[in-house]
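Working notes, beginning with the structure itself.
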Amino acid sequence: MSRQLALRLSPVVAFYQVGVAEAEELLIAWRHPLHLPSDEHPTGRPYTRPFGSLAFVMEDRGRRAAIVVLASTINASVCKARVLTELMGQFLQLRRGFC
């Protein structure tokens, strides 16, 4: 969504969608606790969630004041599939030991 199509609540406040990469830059610049620099990521930890995400910015008088990133969670079927895969791997490792 472009800034021209932004939802304007008043002449001074606007909300609009941005790319996750742009959101990541803001989260790092604003020193969000999940994106602080570390030995592995000296410029700030990237946003590496393995599921769909949408990011939105709130502007106050043309200045970015807040950002929110919405992301789906791991659903029950994915979780069950992961557990099943892990159990199958453990089973195969045990079976190899007996043969």
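Going through the structure tokens in order, the chains are called A, B, and so on, while each chain numbers its residues from 1 and the ligands are numbered from 1 in the order shown.
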
Contact residues around region 28-43 of chain A with only C-alpha atoms at 12 Å, ignoring same-chain residues under 5 positions, as a CSV table (one decimal) with N, CA and C atoms, in the first residue's frame:
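What landed in selection.csv:
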chain,number,residue,atom,x,y,z
A,21,ALA,N,11.4,-5.8,5.4
A,21,ALA,CA,12.8,-5.2,5.4
A,21,ALA,C,12.9,-3.8,5.9
A,22,GLU,N,11.9,-3.0,5.5
A,22,GLU,CA,11.9,-1.6,6.0
A,22,GLU,C,11.5,-1.6,7.5
A,23,ALA,N,10.6,-2.5,7.9
A,23,ALA,CA,10.3,-2.6,9.4
A,23,ALA,C,11.5,-3.0,10.2
A,48,THR,N,14.0,-12.8,11.1
A,48,THR,CA,14.1,-14.1,10.4
A,48,THR,C,13.0,-15.0,10.9
A,49,ARG,N,11.8,-14.6,11.0
A,49,ARG,CA,10.7,-15.5,11.4
A,49,ARG,C,10.4,-16.3,10.1
A,64,ARG,N,7.8,8.9,11.5
A,64,ARG,CA,7.5,7.6,11.9
A,64,ARG,C,7.6,7.5,13.4
A,65,ALA,N,6.5,7.1,14.0
A,65,ALA,CA,6.4,7.0,15.5
A,65,ALA,C,6.2,5.6,16.0
A,66,ALA,N,5.7,4.7,15.2
A,66,ALA,CA,5.6,3.3,15.7
A,66,ALA,C,5.5,2.4,14.5
A,67,ILE,N,5.8,1.1,14.8
A,67,ILE,CA,5.7,0.1,13.8
A,67,ILE,C,5.2,-1.2,14.5
A,68,VAL,N,4.4,-1.9,13.7
A,68,VAL,CA,3.9,-3.2,14.2
A,68,VAL,C,4.2,-4.3,13.1

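Taking only C-alpha atoms, the non-local environment of Glu24 (chain A) within 9 Å (same-chain residues fewer than 6 positions away omitted) comprises His35, Arg45, Pro46 and Tyr47 of chain A.
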
Please produce a file of those selected residues containing C-alpha atoms, as a short mmCIF file (atom, residue, chain, number, x, y, z; two decimals), in the first residue's frame.
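Contents of selection.cif, freshly written:
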data_model
loop_
_atom_site.label_atom_id
_atom_site.label_comp_id
_atom_site.auth_asym_id
_atom_site.auth_seq_id
_atom_site.Cartn_x
_atom_site.Cartn_y
_atom_site.Cartn_z
CA HIS A 35 16.93 -6.75 17.24
CA ARG A 45 19.64 -8.97 14.53
CA PRO A 46 17.61 -9.41 11.31
CA TYR A 47 13.94 -10.35 11.23
#

Handout entry: Close residues, region 55-57 of chain A itself excluded, 12 Å, only C-alpha atoms, min 2 positions apart in chain, as JSON, numbers by chain
Key = {"A": [1, 2, 3, 6, 7, 13, 14, 15, 16, 17, 18, 19, 20, 21, 22, 23, 24, 25, 26, 27, 47, 52, 53, 59, 60, 62, 63, 64, 65, 66, 67, 68, 69, 70, 71]}
